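Reading through the structure tokens given below for one structure.
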Amino acid sequence: MSPAESATVVATGLAGAGVLAGMLLPTRPRVVTVGLCTAGLGGAGLAGGIAALGGTSWSAYLPGLLPLAGLHLAVDALSGLFMAVAGAVVLAVSVYGIGYASGRGPRGTASRGVQSSLPVFALTLVLVPAAASVSSFLLLWEGMAVTSLVLVLAEQRDRPAVREAGVWYAVMTHVGLVLLLAGLALFAAGAGGETFAQLRAGAAGMSPGARGAVFVLVAAAFASKAGMVPLHPWLPRAHPEAPSNVSALMSTAMVNLGAYGIIRVDFELLGGGPGWGWLLVLSTGALSAVYGILQAAMASDLKRLLAYSTSENLGLVLIGVGAAGLFSSSGYPVPAALALAAALLHVTNHAVFKALLFCAAGSVVRATGLRDLDRLGGLRARMPATACFFAVSSLAAVALPPGNGFLSEWLLLQSLIQGMAVPGVSTAIVLPLAVAVIALSAGLAAAVFVKALGVGFFARPRSGGAASAEESPPLMHLGMGLLAIGCTALALVPGTLGSSLSRAVAAAGLHDGRPLAGGGLELRLDRAAASLSPLWVTAALLGGVVAAAALIRLTARRGRRTNARLWDCGGGAPTPRMSYTATSFAEPLQRVFGDVLDPEQDVNVTPVRESAYLVERVRFRRSVRDRIEHRLYRPVLAAALAVGRAARRLAPGSVHRYLGYGFFGLVALLLALAVGW
């Protein structure tokens, strides 16, 4: 047995051990054993991915694991990048999950079936990028979908919102599966084989129409998994309702595989798609980035806010992927390689900081039982470690130095600027708009996370749960600490990824493009006069902050200080109800983007009993619905329900009617056969 086959068998054995532990052991040993097995799977994926990024590729064929076709696995630098990212996130989140799943309160220990699904979910996250045939890919993809659905439904008892989220997720993910199955079946039929090597070799012989159909079907299927507009409604429903450790895995490692699928199939196996197809991918990413961050700005549910932020960040990734495909189809491999490297770097950065954000949010939910920012506050004093981790990941999410998200968005902007030299009307129109979208999304992201951090952690507590919150256990801190170390390393020394990104870009088919040069402390663009040293930027920022603080301290008046109450005009001391909430913070943005968001508001005035001219109570409610879900999906659902109600009349329970259906159906079939003859 080869080392690759041995590693696959070991990983499968770890998953099997985790499943058995989840089904057989008592509560506490079950949580620990499942967590350790899942962490082992993450460590194996991380090690295998790093080895592939270092230049070691491997393949394995296991005929006994999948009937007829067998299980085909192959790892190159591109799949190694996604394996390493998934493995790192699984490892850290599994450590966090041991403390989270064994805690008390509203997010207590999950059932045996749910616990046993976690190692299988982790195994599919690591192995999907390694699949090397259509049947292997579909098997692992569907395994990932089913196990993640089980995990989303982990806390459905007495919570209708969880069941509704599960229905949305199940329907949308299987719509994507149908599109993916159709696209890959068409691809395999046209290429004359189902292994990726056969697809790669036979793609050139396919007709342009067949290639275009495969491109669109596969891109739509993977875009639905990435949470792209308009196929996104499952994401802001499923991610908030899942346990927070599961949310962290779904919102990072799982949605990343949507981007991986587009790069692998449409970019590498098809040999590049048509220019209009890549314009469609880029436009979808831009729309998702703006729409996702606008919805995040309006959200007061902390985990829903983070879910919409995932749509925004994966939209930025698809902007890079679409730009790379557009440049490559125009015959410009250098800007194409740079854009694809930027997309892959943002995949890595987003996975680390978004996993940390969801883990910190889970820590808040576990301590307070609340997700509503309007009812939180004061957590900086009650939960200082969680507040610190949330601040680190928020800095990364707003794309400002020294956060690691800044580097990938800077690189993405550089790729679009370099690509403006590509001739063509489409690039001349689309690229400036894409630059504007990135700038707008970064500005709105700053407002989103200032709201989340300021209202949730620095304001005064607005509920008993927030006022009595206690810090999370050490294992949760350890998992979040590992992710925070990852954010810091990616922010300060991203140049160490330069050669790995170049290998991943080459594995995607851009052999003529070497996007990055240098290493260690500097990130430098090859063949372009642009470079950045994040460590020196961070040092300069820290030096400026220290100098400003020292100057303020030296120039401050040293007069006598007295403590006195502020003049309150006789109205009494301020209460927490008078402070800014997440809803009031977002109100100016709601006014600016009112035409896009279409908010609903309702004013209910209750007069006093003695006189209609005197008011006893005024209730004001404003909500922002997901406009696409409301305008696109709700009518479809209403029509489907109407058809279902009408169809019930055909099945009233009468045996005579059913016999009549059979008789007339048989007569119609015989008539059709007679006409055909």
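Ordered as shown in the structure tokens, chains take letters A, B, and onward, while each chain numbers its residues from 1 and ligands are numbered from 1 in the order shown.
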
Compile the contact shell of stretch 367-377 of chain A as JSON, numbers by chain: residues with an atom at most 8 Å away, counting only C-alpha atoms, same-chain residues fewer than 5 positions apart removed. {"A": [105, 106, 107, 300, 301, 302, 303, 361, 452, 455, 456, 457, 458, 459, 460, 461, 462, 463, 465, 466, 467, 468, 469, 470, 471, 472, 581, 582, 583]}

Do a neighbour search on A:Ala44 at 8 Å with only C-alpha atoms, toss out local chain neighbours closer than 3 positions, and write the hits as a PyMOL selection string. chain A and resi 11+40-41+47-48+87

For A:Ala439: contacts at 10 Å, only C-alpha atoms, fewer than 4 positions along chain excluded, given as a ChimeraX atom specification: /A:399,409,413,433-435,443-445

Using Å and a single decimal, report how far atom CA of A:Val229 sits from atom CA of A:Asp595. 17.7 Å

Neighbouring residues of A:Gly49 were defined as those with any atom within 12 Å, considering only C-alpha atoms; residues of the same chain fewer than 6 positions away were excluded. Please report them as a PyMOL selection string. chain A and resi 42-43+55-58+74-88+126-127+129-130+500+504

Please determine, counting only C-alpha atoms, which residue among A:Phe121, A:Trp536, A:Phe390, A:Phe137 has the shortest atom-to-atom distance to A:Leu151. A:Phe121

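Selecting strand (DSSP E) from the backbone DSSP output for stretch 405-603 of chain A yields Leu516, Ala517, Leu523, Arg524, Leu525, Ser531, Leu532, Glu600, Gln601, Asp602 and Val603 of chain A.
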
Go ahead and write the selection's residues with all heavy atoms as a PDB file, in the first residue's frame.
```
ATOM      1  N   LEU A 516       3.875  36.090  -7.315  1.00  0.00           N
ATOM      2  CA  LEU A 516       4.503  36.698  -6.147  1.00  0.00           C
ATOM      3  C   LEU A 516       5.974  36.349  -6.104  1.00  0.00           C
ATOM      4  O   LEU A 516       6.391  35.263  -6.492  1.00  0.00           O
ATOM      5  CB  LEU A 516       3.819  36.228  -4.862  1.00  0.00           C
ATOM      6  CG  LEU A 516       2.315  36.505  -4.763  1.00  0.00           C
ATOM      7  CD1 LEU A 516       1.751  35.904  -3.499  1.00  0.00           C
ATOM      8  CD2 LEU A 516       2.042  37.992  -4.801  1.00  0.00           C
ATOM      9  N   ALA A 517       6.746  37.290  -5.607  1.00  0.00           N
ATOM     10  CA  ALA A 517       8.173  37.076  -5.397  1.00  0.00           C
ATOM     11  C   ALA A 517       8.505  37.496  -3.973  1.00  0.00           C
ATOM     12  O   ALA A 517       7.689  38.055  -3.259  1.00  0.00           O
ATOM     13  CB  ALA A 517       9.000  37.889  -6.400  1.00  0.00           C
ATOM     14  N   LEU A 523       5.816  41.126   0.871  1.00  0.00           N
ATOM     15  CA  LEU A 523       4.968  40.558  -0.166  1.00  0.00           C
ATOM     16  C   LEU A 523       5.174  41.412  -1.416  1.00  0.00           C
ATOM     17  O   LEU A 523       4.798  42.590  -1.441  1.00  0.00           O
ATOM     18  CB  LEU A 523       3.503  40.588   0.268  1.00  0.00           C
ATOM     19  CG  LEU A 523       2.514  39.764  -0.554  1.00  0.00           C
ATOM     20  CD1 LEU A 523       2.825  38.290  -0.422  1.00  0.00           C
ATOM     21  CD2 LEU A 523       1.094  40.030  -0.081  1.00  0.00           C
ATOM     22  N   ARG A 524       5.813  40.846  -2.434  1.00  0.00           N
ATOM     23  CA  ARG A 524       6.187  41.624  -3.610  1.00  0.00           C
ATOM     24  C   ARG A 524       5.589  40.991  -4.856  1.00  0.00           C
ATOM     25  O   ARG A 524       5.619  39.770  -5.024  1.00  0.00           O
ATOM     26  CB  ARG A 524       7.706  41.685  -3.729  1.00  0.00           C
ATOM     27  CG  ARG A 524       8.194  42.636  -4.823  1.00  0.00           C
ATOM     28  CD  ARG A 524       9.681  42.891  -4.746  1.00  0.00           C
ATOM     29  NE  ARG A 524      10.474  41.735  -5.116  1.00  0.00           N
ATOM     30  CZ  ARG A 524      11.187  40.995  -4.277  1.00  0.00           C
ATOM     31  NH1 ARG A 524      11.190  41.312  -2.989  1.00  0.00           N
ATOM     32  NH2 ARG A 524      11.888  39.962  -4.680  1.00  0.00           N
ATOM     33  N   LEU A 525       5.051  41.833  -5.734  1.00  0.00           N
ATOM     34  CA  LEU A 525       4.468  41.377  -6.979  1.00  0.00           C
ATOM     35  C   LEU A 525       5.571  41.180  -8.006  1.00  0.00           C
ATOM     36  O   LEU A 525       6.395  42.074  -8.223  1.00  0.00           O
ATOM     37  CB  LEU A 525       3.454  42.387  -7.512  1.00  0.00           C
ATOM     38  CG  LEU A 525       2.034  42.335  -6.930  1.00  0.00           C
ATOM     39  CD1 LEU A 525       2.041  42.574  -5.437  1.00  0.00           C
ATOM     40  CD2 LEU A 525       1.149  43.356  -7.621  1.00  0.00           C
ATOM     41  N   SER A 531       5.070  46.442  -3.805  1.00  0.00           N
ATOM     42  CA  SER A 531       5.453  45.540  -2.720  1.00  0.00           C
ATOM     43  C   SER A 531       4.895  46.092  -1.421  1.00  0.00           C
ATOM     44  O   SER A 531       4.515  47.265  -1.328  1.00  0.00           O
ATOM     45  CB  SER A 531       6.976  45.398  -2.627  1.00  0.00           C
ATOM     46  OG  SER A 531       7.565  46.651  -2.331  1.00  0.00           O
ATOM     47  N   LEU A 532       4.835  45.231  -0.423  1.00  0.00           N
ATOM     48  CA  LEU A 532       4.294  45.624   0.875  1.00  0.00           C
ATOM     49  C   LEU A 532       4.977  44.807   1.952  1.00  0.00           C
ATOM     50  O   LEU A 532       5.141  43.590   1.801  1.00  0.00           O
ATOM     51  CB  LEU A 532       2.777  45.381   0.913  1.00  0.00           C
ATOM     52  CG  LEU A 532       2.045  45.770   2.198  1.00  0.00           C
ATOM     53  CD1 LEU A 532       2.050  47.284   2.373  1.00  0.00           C
ATOM     54  CD2 LEU A 532       0.613  45.256   2.175  1.00  0.00           C
ATOM     55  N   GLU A 600     -39.173  47.714   6.117  1.00  0.00           N
ATOM     56  CA  GLU A 600     -40.565  47.791   6.542  1.00  0.00           C
ATOM     57  C   GLU A 600     -40.633  48.442   7.909  1.00  0.00           C
ATOM     58  O   GLU A 600     -39.797  48.161   8.772  1.00  0.00           O
ATOM     59  CB  GLU A 600     -41.180  46.395   6.632  1.00  0.00           C
ATOM     60  CG  GLU A 600     -41.483  45.749   5.309  1.00  0.00           C
ATOM     61  CD  GLU A 600     -42.230  44.440   5.494  1.00  0.00           C
ATOM     62  OE1 GLU A 600     -42.127  43.870   6.601  1.00  0.00           O
ATOM     63  OE2 GLU A 600     -42.899  43.993   4.561  1.00  0.00           O
ATOM     64  N   GLN A 601     -41.620  49.321   8.114  1.00  0.00           N
ATOM     65  CA  GLN A 601     -41.777  49.904   9.433  1.00  0.00           C
ATOM     66  C   GLN A 601     -43.250  49.961   9.807  1.00  0.00           C
ATOM     67  O   GLN A 601     -44.131  50.045   8.948  1.00  0.00           O
ATOM     68  CB  GLN A 601     -41.157  51.304   9.502  1.00  0.00           C
ATOM     69  CG  GLN A 601     -41.773  52.342   8.591  1.00  0.00           C
ATOM     70  CD  GLN A 601     -41.051  53.676   8.701  1.00  0.00           C
ATOM     71  OE1 GLN A 601     -39.827  53.730   8.840  1.00  0.00           O
ATOM     72  NE2 GLN A 601     -41.793  54.754   8.646  1.00  0.00           N
ATOM     73  N   ASP A 602     -43.490  49.897  11.098  1.00  0.00           N
ATOM     74  CA  ASP A 602     -44.855  49.863  11.618  1.00  0.00           C
ATOM     75  C   ASP A 602     -44.897  50.705  12.890  1.00  0.00           C
ATOM     76  O   ASP A 602     -44.049  50.537  13.788  1.00  0.00           O
ATOM     77  CB  ASP A 602     -45.274  48.424  11.915  1.00  0.00           C
ATOM     78  CG  ASP A 602     -46.667  48.351  12.516  1.00  0.00           C
ATOM     79  OD1 ASP A 602     -47.578  49.004  11.989  1.00  0.00           O
ATOM     80  OD2 ASP A 602     -46.831  47.654  13.541  1.00  0.00           O
ATOM     81  N   VAL A 603     -45.849  51.639  12.969  1.00  0.00           N
ATOM     82  CA  VAL A 603     -46.040  52.487  14.146  1.00  0.00           C
ATOM     83  C   VAL A 603     -47.398  52.164  14.739  1.00  0.00           C
ATOM     84  O   VAL A 603     -48.425  52.257  14.051  1.00  0.00           O
ATOM     85  CB  VAL A 603     -45.946  53.985  13.789  1.00  0.00           C
ATOM     86  CG1 VAL A 603     -46.144  54.843  15.037  1.00  0.00           C
ATOM     87  CG2 VAL A 603     -44.609  54.299  13.139  1.00  0.00           C
TER      88      VAL A 603
END
```
